[in-house]
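Q: Got a structure for you, entry-v4.cif, holding mmCIF, C-alpha atoms.
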```
data_entry
loop_
_atom_site.label_atom_id
_atom_site.label_comp_id
_atom_site.auth_asym_id
_atom_site.auth_seq_id
_atom_site.Cartn_x
_atom_site.Cartn_y
_atom_site.Cartn_z
CA MET A 252 0.00 0.00 0.00
CA LYS A 253 2.84 2.38 0.81
CA THR A 254 4.57 1.74 -2.52
CA LEU A 255 1.26 2.18 -4.38
CA SER A 256 0.79 5.54 -2.69
CA ARG A 257 4.34 6.54 -3.62
CA ALA A 258 3.73 5.49 -7.23
CA ARG A 259 0.67 7.71 -7.40
CA GLN A 260 2.62 10.61 -5.90
CA ILE A 261 5.25 10.24 -8.63
CA LEU A 262 2.54 10.15 -11.28
CA ILE A 263 0.79 13.26 -9.94
CA ALA A 264 4.05 15.20 -9.52
CA GLY A 265 5.12 14.30 -13.06
CA PHE A 266 1.75 15.39 -14.42
CA CYS A 267 1.99 18.74 -12.60
CA ILE A 268 5.55 19.40 -13.79
CA ASN A 269 4.41 18.83 -17.36
CA LEU A 270 1.59 21.31 -16.75
CA CYS A 271 4.31 23.87 -16.02
CA ILE A 272 6.75 23.10 -18.85
CA GLY A 273 4.16 22.53 -21.59
CA ILE A 274 4.58 26.09 -22.83
CA LEU A 275 5.74 24.85 -26.25
CA PHE A 276 2.09 24.13 -27.06
CA THR A 277 1.20 27.81 -26.72
CA TRP A 278 3.82 29.21 -29.09
CA SER A 279 1.20 30.21 -31.66
CA VAL A 280 -0.05 32.84 -29.16
CA PHE A 281 3.46 34.27 -28.79
CA LYS A 282 4.01 34.03 -32.55
CA LYS A 283 0.90 36.04 -33.33
CA ALA A 284 2.01 38.80 -30.93
CA LEU A 285 5.50 38.85 -32.42
CA VAL A 286 4.08 39.22 -35.94
CA MET A 287 1.24 41.64 -35.15
CA ASP A 288 2.81 43.76 -32.39
CA LEU A 289 6.53 43.68 -33.20
CA GLY A 290 6.33 43.33 -36.98
CA TRP A 291 8.28 40.07 -37.32
CA SER A 292 7.84 37.88 -40.40
CA ASN A 293 6.23 34.46 -40.01
CA ALA A 294 9.62 32.83 -40.58
CA GLU A 295 11.29 34.97 -37.86
CA ALA A 296 8.48 34.28 -35.41
CA SER A 297 8.64 30.53 -36.10
CA MET A 298 12.40 30.19 -35.63
CA PRO A 299 12.59 30.31 -31.78
CA TYR A 300 9.91 27.60 -31.68
CA THR A 301 11.78 25.52 -34.26
CA ILE A 302 15.09 25.87 -32.39
CA ALA A 303 13.33 25.02 -29.11
CA ILE A 304 12.02 21.78 -30.65
CA VAL A 305 15.47 20.78 -31.91
CA THR A 306 17.10 21.69 -28.59
CA PHE A 307 14.35 19.87 -26.72
CA SER A 308 15.10 16.72 -28.72
CA ILE A 309 18.87 16.88 -28.21
CA SER A 310 18.61 17.67 -24.50
CA LEU A 311 16.10 14.86 -24.02
CA LEU A 312 18.69 12.43 -25.38
CA LEU A 313 21.42 13.80 -23.11
CA ALA A 314 19.10 13.82 -20.11
CA GLY A 315 18.07 10.24 -20.85
CA ILE A 316 21.68 9.08 -20.75
CA ILE A 317 22.34 10.95 -17.48
CA GLN A 318 19.17 9.83 -15.69
CA ASP A 319 19.77 6.20 -16.66
CA ARG A 320 23.01 6.41 -14.69
CA PHE A 321 22.25 8.79 -11.84
CA GLY A 322 18.48 8.85 -11.48
CA PRO A 323 15.92 11.52 -12.39
CA ARG A 324 15.93 14.00 -9.49
CA ARG A 325 19.04 16.09 -10.23
CA VAL A 326 18.33 16.13 -13.95
CA LEU A 327 14.76 17.27 -13.30
CA ILE A 328 15.86 20.06 -10.98
CA ALA A 329 18.37 21.31 -13.56
CA GLY A 330 15.72 21.14 -16.29
CA THR A 331 13.09 23.10 -14.40
CA LEU A 332 15.66 25.73 -13.40
CA LEU A 333 16.80 26.18 -17.00
CA SER A 334 13.21 26.39 -18.23
CA GLY A 335 12.33 29.17 -15.84
CA ILE A 336 15.56 31.09 -16.42
CA GLY A 337 15.13 30.83 -20.21
CA LEU A 338 11.62 32.27 -20.05
CA ILE A 339 12.70 35.13 -17.80
CA ALA A 340 15.64 35.89 -20.11
CA SER A 341 13.21 35.97 -23.06
CA GLY A 342 11.51 38.94 -21.45
CA PHE A 343 14.69 41.02 -21.61
CA GLY A 344 15.49 40.57 -25.29
CA THR A 345 12.69 39.97 -27.76
CA THR A 346 14.77 40.40 -30.90
CA PRO A 347 14.88 37.35 -33.22
CA ASP A 348 18.45 36.42 -32.27
CA MET A 349 17.93 36.92 -28.54
CA LEU A 350 14.74 34.90 -28.48
CA ILE A 351 16.42 32.05 -30.34
CA VAL A 352 19.01 31.89 -27.54
CA SER A 353 16.74 32.48 -24.54
CA PHE A 354 13.64 30.56 -25.58
CA GLY A 355 15.01 28.27 -28.28
CA LEU A 356 18.21 27.13 -26.55
CA ILE A 357 17.90 27.77 -22.81
CA ALA A 358 14.18 27.20 -22.22
CA GLY A 359 13.98 24.50 -24.90
CA GLY A 360 16.93 22.66 -23.36
CA GLY A 361 15.49 22.92 -19.87
CA ILE A 362 12.11 21.60 -20.98
CA GLY A 363 13.85 18.65 -22.64
CA PHE A 364 15.84 17.84 -19.50
CA ALA A 365 12.72 17.91 -17.35
CA TYR A 366 10.46 16.01 -19.74
CA ALA A 367 13.03 13.24 -20.25
CA CYS A 368 12.84 12.06 -16.65
CA LEU A 369 9.12 11.96 -15.98
CA ALA A 370 7.90 8.97 -18.03
CA PRO A 371 10.85 6.67 -17.18
CA ALA A 372 10.45 7.30 -13.45
CA ALA A 373 6.69 6.80 -13.53
CA MET A 374 6.82 3.61 -15.64
CA LYS A 375 9.23 1.99 -13.19
CA TRP A 376 6.69 2.43 -10.40
CA PHE A 377 3.84 0.74 -12.34
CA ALA A 378 3.29 -2.68 -13.93
CA PRO A 379 3.93 -3.25 -17.67
CA SER A 380 0.22 -3.74 -18.34
CA ARG A 381 -0.35 -0.12 -17.27
CA ARG A 382 2.57 1.29 -19.24
CA GLY A 383 0.50 2.92 -21.98
CA LEU A 384 -1.95 4.55 -19.59
CA VAL A 385 0.84 5.83 -17.31
CA ASN A 386 2.62 7.35 -20.31
CA GLY A 387 -0.63 8.89 -21.48
CA LEU A 388 -1.37 10.46 -18.11
CA ILE A 389 2.14 11.86 -17.71
CA ALA A 390 2.09 13.23 -21.26
CA ALA A 391 -1.40 14.64 -20.71
CA GLY A 392 0.01 17.30 -18.42
CA PHE A 393 2.24 18.56 -21.22
CA GLY A 394 -0.70 18.83 -23.61
CA LEU A 395 -3.16 20.18 -21.06
CA ALA A 396 -0.85 23.10 -20.31
CA GLY A 397 -2.25 24.97 -23.28
CA VAL A 398 -5.74 24.97 -21.78
CA TYR A 399 -4.81 27.45 -19.07
CA LEU A 400 -1.62 28.92 -20.55
CA ALA A 401 -3.16 30.16 -23.82
CA PRO A 402 -5.74 32.47 -22.19
CA LEU A 403 -3.26 33.38 -19.45
CA ILE A 404 -0.58 34.37 -21.96
CA THR A 405 -3.13 36.29 -24.03
CA THR A 406 -4.17 38.24 -20.92
CA LEU A 407 -0.58 38.90 -19.88
CA ILE A 408 0.42 40.11 -23.35
CA GLY A 409 -2.68 42.29 -23.59
CA GLY A 410 -2.16 43.84 -20.16
CA TRP A 411 1.62 44.05 -19.77
CA GLY A 412 3.20 43.23 -23.12
CA ILE A 413 5.04 40.18 -24.40
CA GLU A 414 8.25 40.97 -22.46
CA LYS A 415 6.60 40.90 -19.03
CA ALA A 416 4.51 37.87 -20.03
CA PHE A 417 7.72 35.87 -20.48
CA ILE A 418 9.05 37.07 -17.10
CA PHE A 419 5.86 36.25 -15.18
CA LEU A 420 5.67 32.77 -16.70
CA GLY A 421 9.33 32.03 -15.94
CA ALA A 422 9.01 33.11 -12.33
CA ALA A 423 5.87 31.01 -11.81
CA LEU A 424 7.58 27.96 -13.32
CA LEU A 425 10.51 28.29 -10.90
CA LEU A 426 8.20 28.60 -7.90
CA ILE A 427 6.06 25.56 -8.76
CA ALA A 428 8.06 23.08 -10.84
CA VAL A 429 11.41 23.11 -9.00
CA PRO A 430 9.96 21.95 -5.63
CA LEU A 431 7.97 19.23 -7.43
CA ALA A 432 11.12 18.06 -9.21
CA CYS A 433 12.71 17.40 -5.82
CA THR A 434 10.10 14.69 -5.14
CA ILE A 435 10.71 12.52 -8.23
CA THR A 436 12.82 9.38 -7.69
CA ASN A 437 13.21 5.90 -9.12
CA PRO A 438 11.80 2.99 -7.07
CA PRO A 439 14.19 1.15 -4.73
CA GLN A 440 16.33 -1.60 -6.21
CA GLY A 441 14.47 -4.89 -6.47
CA TYR A 442 11.07 -3.20 -6.55
CA VAL A 443 8.44 -5.06 -8.61
CA ALA A 444 5.07 -3.44 -9.19
CA ALA A 445 2.00 -5.58 -8.53
CA ASP A 446 0.07 -6.32 -11.72
CA ASN A 447 -3.62 -7.00 -11.20
CA GLY A 448 -4.70 -5.74 -14.60
CA ASP A 449 -6.03 -7.72 -17.52
CA ALA A 450 -4.37 -5.68 -20.25
CA VAL A 451 -2.47 -7.66 -22.85
CA GLN A 452 0.60 -6.40 -24.67
CA LYS A 453 0.03 -7.00 -28.37
CA GLN A 454 2.17 -6.61 -31.47
CA GLN A 455 5.24 -5.57 -29.47
CA PRO A 456 6.57 -8.51 -27.42
CA ILE A 457 8.71 -7.53 -24.45
CA ARG A 458 12.31 -8.49 -25.10
CA GLU A 459 15.43 -8.63 -23.05
CA GLU A 460 17.04 -5.34 -22.04
CA ILE A 461 18.72 -3.82 -25.12
CA ASN A 462 20.96 -0.74 -25.17
CA TRP A 463 20.93 1.94 -27.84
CA ARG A 464 23.57 0.22 -29.96
CA GLY A 465 21.57 -2.98 -30.06
CA MET A 466 18.40 -1.01 -30.69
CA MET A 467 19.87 0.66 -33.76
CA ARG A 468 20.63 -2.76 -35.24
CA THR A 469 16.92 -3.64 -35.31
CA PRO A 470 14.54 -2.69 -38.16
CA GLN A 471 11.88 -1.68 -35.63
CA PHE A 472 13.97 1.29 -34.53
CA TYR A 473 14.04 2.80 -38.01
CA GLY A 474 10.32 2.25 -38.42
CA LEU A 475 9.61 3.97 -35.10
CA TRP A 476 11.96 6.84 -35.92
CA PHE A 477 10.45 7.46 -39.35
CA MET A 478 6.83 7.28 -38.16
CA TYR A 479 7.56 9.68 -35.30
CA LEU A 480 9.25 12.07 -37.73
CA CYS A 481 6.30 12.15 -40.13
CA ALA A 482 3.52 12.35 -37.55
CA SER A 483 5.28 14.97 -35.43
CA SER A 484 5.95 17.26 -38.39
CA THR A 485 2.23 17.45 -39.14
CA GLY A 486 1.22 17.89 -35.51
CA LEU A 487 3.81 20.56 -34.81
CA MET A 488 2.84 22.44 -37.95
CA ILE A 489 -0.71 22.85 -36.67
CA ILE A 490 0.27 23.45 -33.03
CA GLY A 491 2.74 26.20 -33.93
CA ASN A 492 0.42 27.96 -36.39
CA ILE A 493 -3.21 27.37 -35.41
CA THR A 494 -3.96 31.02 -34.54
CA SER A 495 -2.19 32.23 -37.68
CA ILE A 496 -4.04 29.64 -39.78
CA ALA A 497 -7.34 30.91 -38.38
CA ALA A 498 -6.38 34.52 -39.12
CA VAL A 499 -5.35 33.76 -42.71
CA GLN A 500 -8.05 31.24 -43.59
CA THR A 501 -11.11 32.65 -41.80
CA ASP A 502 -10.14 36.21 -40.79
CA MET A 503 -10.51 35.33 -37.10
CA ALA A 504 -8.88 38.15 -35.12
CA GLY A 505 -8.90 36.44 -31.71
CA ALA A 506 -8.22 32.72 -31.91
CA ALA A 507 -6.47 31.88 -28.64
CA HIS A 508 -9.40 29.62 -27.78
CA LEU A 509 -8.30 27.35 -30.63
CA VAL A 510 -5.09 26.69 -28.71
CA VAL A 511 -7.24 25.68 -25.73
CA ILE A 512 -9.33 23.32 -27.88
CA LEU A 513 -6.24 21.81 -29.44
CA ALA A 514 -4.68 21.33 -26.02
CA LEU A 515 -7.83 19.74 -24.59
CA PHE A 516 -8.18 17.23 -27.39
CA ASN A 517 -4.43 16.66 -27.35
CA THR A 518 -4.86 15.65 -23.72
CA PHE A 519 -7.79 13.38 -24.53
CA GLY A 520 -5.70 11.82 -27.28
CA ARG A 521 -2.82 11.12 -24.91
CA VAL A 522 -4.92 9.46 -22.24
CA GLY A 523 -7.18 7.65 -24.72
CA ALA A 524 -4.27 6.42 -26.83
CA GLY A 525 -2.45 5.23 -23.72
CA TRP A 526 -5.49 3.19 -22.71
CA LEU A 527 -5.97 1.91 -26.28
CA ASN A 528 -2.29 0.99 -26.49
CA ASP A 529 -2.73 -1.36 -23.53
CA LYS A 530 -5.82 -2.93 -25.13
CA ILE A 531 -5.07 -3.36 -28.85
CA GLY A 532 -1.34 -2.63 -29.09
CA GLY A 533 0.72 0.43 -29.99
CA LEU A 534 0.99 -0.14 -33.74
CA SER A 535 -2.77 -0.52 -34.20
CA THR A 536 -3.29 2.64 -32.15
CA LEU A 537 -0.82 4.53 -34.33
CA GLY A 538 -2.54 3.30 -37.49
CA ILE A 539 -5.88 4.71 -36.34
CA SER A 540 -4.22 8.01 -35.48
CA PHE A 541 -2.46 8.27 -38.85
CA VAL A 542 -5.69 7.67 -40.79
CA LEU A 543 -7.41 10.36 -38.72
CA GLN A 544 -4.63 12.87 -39.34
CA ILE A 545 -4.60 12.21 -43.10
CA ALA A 546 -8.36 12.79 -43.25
CA ASN A 547 -7.98 16.00 -41.22
CA MET A 548 -5.27 17.40 -43.49
CA LEU A 549 -7.38 16.62 -46.56
CA MET A 550 -10.31 18.52 -45.03
CA PHE A 551 -8.34 21.44 -43.58
CA PRO A 552 -8.45 23.66 -46.74
CA TYR A 553 -12.24 23.47 -46.60
CA TYR A 554 -12.71 24.38 -42.96
CA ALA A 555 -14.56 27.69 -42.92
CA GLY A 556 -15.51 29.87 -40.00
CA GLU A 557 -14.99 29.31 -36.31
CA MET A 558 -16.65 25.88 -36.15
CA GLY A 559 -14.48 24.57 -38.97
CA MET A 560 -11.31 25.75 -37.26
CA MET A 561 -12.44 24.23 -33.98
CA LEU A 562 -13.02 20.86 -35.67
CA GLY A 563 -9.63 20.96 -37.36
CA ALA A 564 -7.85 21.88 -34.12
CA ALA A 565 -9.66 19.12 -32.22
CA LEU A 566 -8.78 16.39 -34.72
CA ALA A 567 -5.16 17.58 -34.93
CA GLY A 568 -4.93 17.55 -31.14
CA VAL A 569 -6.27 14.01 -30.79
CA SER A 570 -3.97 12.68 -33.52
CA TYR A 571 -0.85 14.36 -32.19
CA GLY A 572 -1.70 13.35 -28.63
CA THR A 573 -1.38 9.71 -29.64
CA LEU A 574 2.36 10.04 -30.27
CA PRO A 575 3.76 10.84 -26.76
CA ALA A 576 1.52 8.14 -25.27
CA VAL A 577 2.34 5.32 -27.68
CA PHE A 578 5.95 5.79 -28.82
CA PRO A 579 7.43 5.65 -25.29
CA SER A 580 5.47 2.47 -24.63
CA LEU A 581 6.60 0.89 -27.90
CA THR A 582 10.21 1.77 -27.11
CA ALA A 583 9.99 0.27 -23.63
CA ASN A 584 8.23 -2.86 -24.90
CA PHE A 585 10.72 -3.46 -27.70
CA TYR A 586 13.90 -2.68 -25.76
CA GLY A 587 13.16 -2.76 -22.02
CA LEU A 588 13.32 -0.19 -19.20
CA LYS A 589 16.92 -0.47 -18.06
CA ASN A 590 18.21 1.71 -20.91
CA TYR A 591 14.89 3.36 -21.66
CA GLY A 592 16.03 6.95 -21.07
CA THR A 593 18.83 6.68 -23.63
CA ASN A 594 16.84 4.54 -26.06
CA TYR A 595 13.83 6.83 -26.12
CA GLY A 596 16.13 9.82 -26.38
CA VAL A 597 17.56 8.34 -29.59
CA VAL A 598 14.06 7.63 -30.94
CA TYR A 599 12.97 11.13 -29.94
CA THR A 600 15.61 12.80 -32.13
CA SER A 601 13.05 12.31 -34.91
CA TRP A 602 10.81 14.80 -33.10
CA GLY A 603 13.64 17.34 -33.15
CA VAL A 604 14.12 16.90 -36.89
CA SER A 605 10.36 17.25 -37.40
CA GLY A 606 10.63 20.70 -35.83
CA PHE A 607 12.34 21.83 -39.01
CA ILE A 608 9.95 20.08 -41.38
CA GLY A 609 6.45 21.02 -40.21
CA PRO A 610 6.83 24.64 -39.07
CA ILE A 611 9.15 25.54 -41.95
CA ILE A 612 6.79 24.02 -44.53
CA ALA A 613 4.00 26.09 -43.01
CA ALA A 614 6.05 29.31 -42.99
CA PHE A 615 7.16 28.75 -46.59
CA ALA A 616 3.61 28.06 -47.72
CA VAL A 617 2.04 31.17 -46.19
CA ASP A 618 4.92 33.53 -47.01
CA SER A 619 5.08 32.41 -50.65
CA THR A 620 1.42 31.75 -51.49
CA GLY A 621 -0.53 33.61 -48.81
CA THR A 622 -2.30 30.43 -47.66
CA TYR A 623 -1.46 27.18 -45.84
CA GLU A 624 -2.90 24.85 -48.50
CA LEU A 625 0.50 23.74 -49.77
CA ALA A 626 1.45 22.73 -46.21
CA TYR A 627 -1.75 20.68 -45.83
CA PHE A 628 -1.11 18.72 -49.02
CA ALA A 629 2.53 18.12 -48.10
CA SER A 630 1.36 16.76 -44.75
CA VAL A 631 -1.01 14.33 -46.49
CA GLY A 632 1.93 12.87 -48.40
CA ILE A 633 4.11 12.68 -45.29
CA MET A 634 1.42 10.99 -43.22
CA SER A 635 0.66 8.50 -46.00
CA LEU A 636 4.28 7.34 -45.85
CA ALA A 637 4.00 6.94 -42.07
CA LEU A 638 0.84 4.86 -42.46
CA MET A 639 2.56 2.56 -44.97
CA VAL A 640 5.44 1.95 -42.54
CA CYS A 641 2.98 1.33 -39.70
CA LEU A 642 1.11 -1.29 -41.75
CA MET A 643 4.34 -3.05 -42.70
CA MET A 644 5.51 -3.12 -39.07
CA THR A 645 2.12 -4.45 -37.95
CA GLN A 646 2.24 -7.27 -40.50
CA ALA A 647 5.81 -8.12 -39.50
CA ALA A 648 4.85 -8.16 -35.82
CA PHE A 649 1.91 -10.50 -36.46
CA ARG A 650 4.11 -12.84 -38.51
CA LYS A 651 6.73 -12.88 -35.75
CA ARG A 652 4.08 -13.54 -33.13
CA ALA A 653 2.66 -16.43 -35.16
CA LEU A 654 6.12 -17.96 -35.62
CA GLU A 655 6.88 -17.65 -31.90
CA THR A 656 3.53 -19.27 -31.02
CA LYS A 657 4.17 -22.11 -33.46
CA ALA A 658 7.69 -22.64 -32.08
CA THR A 659 6.29 -22.79 -28.54
CA LEU A 660 3.70 -25.38 -29.58
CA VAL A 661 6.35 -27.49 -31.31
CA GLU A 662 8.61 -27.36 -28.25
CA SER A 663 5.73 -28.32 -25.94
CA ALA A 664 4.68 -31.15 -28.23
CA SER A 665 8.20 -32.56 -28.39
CA GLU A 666 8.34 -32.64 -24.59
CA VAL A 667 4.88 -34.16 -24.11
CA GLY A 668 4.32 -36.64 -26.93
CA GLY A 669 5.85 -38.70 -29.66
CA PRO A 670 6.19 -38.18 -33.40
CA GLU A 671 2.42 -37.99 -34.03
CA VAL A 672 1.93 -35.14 -31.56
CA LEU A 673 5.00 -33.35 -32.86
CA THR A 674 3.79 -33.62 -36.47
CA SER A 675 0.38 -32.25 -35.47
CA ALA A 676 1.97 -29.24 -33.71
CA LYS A 677 4.14 -28.40 -36.72
CA SER A 678 1.14 -28.40 -39.00
#
```
Starting from the coordinates I provided, produce the structure as structure tokens.
A:
Amino acid sequence: MKTLSRARQILIAGFCINLCIGILFTWSVFKKALVMDLGWSNAEASMPYTIAIVTFSISLLLAGIIQDRFGPRRVLIAGTLLSGIGLIASGFGTTPDMLIVSFGLIAGGGIGFAYACLAPAAMKWFAPSRRGLVNGLIAAGFGLAGVYLAPLITTLIGGWGIEKAFIFLGAALLLIAVPLACTITNPPQGYVAADNGDAVQKQQPIREEINWRGMMRTPQFYGLWFMYLCASSTGLMIIGNITSIAAVQTDMAGAAHLVVILALFNTFGRVGAGWLNDKIGGLSTLGISFVLQIANMLMFPYYAGEMGMMLGAALAGVSYGTLPAVFPSLTANFYGLKNYGTNYGVVYTSWGVSGFIGPIIAAFAVDSTGTYELAYFASVGIMSLALMVCLMMTQAAFRKRALETKATLVESASEVGGPEVLTSAKS
């Protein structure tokens, strides 16, 4: 009972820390103010966000390596400190170059360090059959941040300007997230979580513990990396531009509520996909998400008015929310938890690369054509490739599962009966 209570404390603290550092999901509010109030181009206003994504990805890999060796607490404290300091520094220099350094490098790196430690610590406190749901709940905090941050940031910018908005947010993050980071630890050595659930891991059999070198020798790694790259590029394109898309496509002047809708459905997607991952398997869950995102991108040019934008934001949020719930679980199920921090950090580099693809495609489309239609069609092609890889991996997983089942039957038959039983098992 005591360990169960401690596991829940870790889960709640991780969720709350993600609520604080999930500011990346509100960048479209900052971007709009930079373009409208300070006269930046769309490309200039997108660059700090793009650099933050790349830095986030690199720092997550580094933090994963460190926390695998030394535990999550010190890495988390460093990450939350850097996040707050980077936001405060952003308030003292809102030129393109300064914001790239303060928000893109410092805050982005701090967010990556903090985020890297939360899922590994939480998963070690819970049974494998709850792995998807635990990942979804932890990740939900990151997505849900936009629900309160978008209107808060809009109010701060409207009342005090973008500079003070950055400072207020950084100070609040330091006051809340740093103390919570001090409570996150790995379970004691030898700890085994009780598993009373009926969830069944499908399509991704749990293997022996594999390090990052061994992981990169498997075809599954390259499939995971490519799918994450494609799906993230589409999701990040919408997340980073939803208010600008609404302004260009429907002449909506105030669209911060779209960030809230996107964040809400992103959260639903994370929790729902985590639950679905435990029921039908990660690859099947990803396939459903990819089909939904392709359909959404095909429909996006035809969304008109506020209701159309709300529908597009909701579907994009659900689809993107699937990724941080399912990919960590797939990584852990394929390669184990011992080296999970490093392994997932390597897989997550695809998310950093996607930060160049999605937002830059969007900026190029609107700056060169005046609309985002080119970006939508490019995303359809990208997501179609991801779906093809997902289907191939699913088929390969089913074939492998069938072969392993047959081999088990043959081995059992050889131990129990004679040639007739063995021949029947082989057939």
Q: Please identify every residue of stretch 520-584 of chain A that has at least one atom no farther than 9 Å from an atom of stretch 629-648 of chain A, counting all atoms listed in the file, and for each give the shortest atom pair and the distance in Å to one decimal, arranged by chain then increasing number, as CSV.
A:
```
residue,atom,partner,partner_atom,distance
A:Leu534,CA,A:Thr645,CA,6.1
A:Ser535,CA,A:Thr645,CA,7.3
A:Leu537,CA,A:Cys641,CA,7.3
A:Gly538,CA,A:Leu638,CA,6.2
A:Phe541,CA,A:Leu638,CA,6.0
A:Val542,CA,A:Leu638,CA,7.3
A:Gln544,CA,A:Met634,CA,7.4
A:Ile545,CA,A:Val631,CA,5.4
A:Ala546,CA,A:Val631,CA,8.2
A:Asn547,CA,A:Val631,CA,8.9
A:Met548,CA,A:Val631,CA,6.0
A:Leu549,CA,A:Val631,CA,6.8
```
Q: Pull out every residue that the PyMOL selection byres ((chain A and resi 324) around 8) matches in the shown coordinates and put them as number ranges by chain.
A: A: 322-323, 325-328, 432-436
Q: What separation in Å, quoted to one decimal, exists between atom CA of A:Gly592 and atom CA of A:Met467?
A: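 Calculated distance between atom CA of A:Gly592 and atom CA of A:Met467 is 14.7 Å.
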Q: Once the PyMOL selection byres ((chain A and resi 477-491) around 8) has been evaluated on this model, what residues remain selected, and can you format them as number ranges by chain?
A: A: 276-279, 297, 300, 473-476, 492-493, 510, 513, 541, 564, 567-568, 570-571, 574, 578, 599, 601-602, 604-610, 612-613, 630, 633-634, 636-638, 640-641
Q: Please report the interatomic distance between atom CA of A:Leu625 and atom CA of A:Ile611 in Å with one decimal.
A: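 Those two atoms sit 11.8 Å apart.
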Q: Quick one: which stretch 258-312 of chain A residues come within 8 Å of stretch 398-415 of chain A, and what is the nearest atom pair for each with the distance in Å to one decimal, counting only C-alpha atoms, rows ordered by chain and ascending number, as JSON lines?
A:
```
{"residue": "A:Ile274", "atom": "CA", "partner": "A:Leu400", "partner_atom": "CA", "distance": 7.2}
{"residue": "A:Thr277", "atom": "CA", "partner": "A:Ala401", "partner_atom": "CA", "distance": 5.7}
{"residue": "A:Val280", "atom": "CA", "partner": "A:Ala401", "partner_atom": "CA", "distance": 6.7}
{"residue": "A:Phe281", "atom": "CA", "partner": "A:Ile413", "partner_atom": "CA", "distance": 7.5}
{"residue": "A:Ala284", "atom": "CA", "partner": "A:Ile413", "partner_atom": "CA", "distance": 7.3}
```
Q: Given 8 Å on each side, where is the centre and what are the edge lengths in Å to one decimal of the axis-aligned box enclosing the listed atoms of stretch 410-423 of chain A, as lines of an AutoDock Vina configuration file?
A:
```
center_x = 3.6
center_y = 37.5
center_z = -18.1
size_x = 27.5
size_y = 29.0
size_z = 28.6
```
Q: Step by step, work through what the PyMOL selection byres ((chain A and resi 352-357) around 6) selects in the shown file, and finish by giving those residues as a ChimeraX atom specification.
A: /A:299,302-303,306,337,340-341,349-351,358-360
Q: Work out how far apart atom CA of A:Gly330 and atom CA of A:Leu388 are and give it in Å to one decimal.
A: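 Going from atom CA of A:Gly330 over to atom CA of A:Leu388 covers 20.2 Å.
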Q: As a VMD selection string, please: the residues near A:Arg521 (cut-off 6 Å, only C-alpha atoms, same-chain neighbours under 6 positions excluded).
A: chain A and resid 387 391 572 to 573 576
Q: How would the residues just picked look written out with C-alpha atoms as a PDB file, in the coordinates of the input?
A:
```pdb
ATOM      1  CA  GLY A 387      -0.630   8.890 -21.480  1.00  0.00           C
ATOM      2  CA  ALA A 391      -1.400  14.640 -20.710  1.00  0.00           C
ATOM      3  CA  GLY A 572      -1.700  13.350 -28.630  1.00  0.00           C
ATOM      4  CA  THR A 573      -1.380   9.710 -29.640  1.00  0.00           C
ATOM      5  CA  ALA A 576       1.520   8.140 -25.270  1.00  0.00           C
TER       6      ALA A 576
END
```
Q: Using all atoms listed in the file, what residues lie at most 12 Å away from (1.5, 40.9, -41.2) (file coordinates), given as a PyMOL selection string?
A: chain A and resi 282-296+495+498-499+617-618+621
Q: Leaving out A:Thr501 and any residue of its chain fewer than 3 positions from it, which residues lie within 7 Å of it when counting only C-alpha atoms, given as a PyMOL selection string?
A: chain A and resi 497-498+555-556
Q: Which polymer residues have any atom within 10 Å of an atom of A:Gly465, counting all atoms listed in the file, with same-chain residues fewer than 6 positions away left out, as a list in words?
A: Phe472, Tyr586 and Asn594 of chain A
Q: Mind rebuilding stretch 339-345 of chain A with N, CA, C and O atoms and writing that out as a CSV table (one decimal), in the frame of the given file?
A:
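Output below, filename part_24.csv:
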```
chain,number,residue,atom,x,y,z
A,339,ILE,N,12.4,33.8,-18.3
A,339,ILE,CA,12.7,35.1,-17.8
A,339,ILE,C,13.7,35.9,-18.7
A,339,ILE,O,13.4,37.1,-19.0
A,340,ALA,N,14.7,35.2,-19.2
A,340,ALA,CA,15.6,35.9,-20.1
A,340,ALA,C,15.0,36.3,-21.4
A,340,ALA,O,15.3,37.4,-22.0
A,341,SER,N,13.9,35.6,-21.8
A,341,SER,CA,13.2,36.0,-23.1
A,341,SER,C,12.5,37.3,-22.9
A,341,SER,O,12.3,38.0,-23.9
A,342,GLY,N,12.2,37.7,-21.7
A,342,GLY,CA,11.5,38.9,-21.4
A,342,GLY,C,12.4,40.1,-21.5
A,342,GLY,O,12.0,41.3,-21.6
A,343,PHE,N,13.7,39.9,-21.6
A,343,PHE,CA,14.7,41.0,-21.6
A,343,PHE,C,15.3,41.2,-23.0
A,343,PHE,O,16.2,42.0,-23.2
A,344,GLY,N,14.9,40.4,-24.0
A,344,GLY,CA,15.5,40.6,-25.3
A,344,GLY,C,14.7,39.9,-26.4
A,344,GLY,O,15.0,38.8,-26.8
A,345,THR,N,13.6,40.6,-26.8
A,345,THR,CA,12.7,40.0,-27.8
A,345,THR,C,13.1,40.4,-29.2
A,345,THR,O,12.2,40.7,-30.0
```
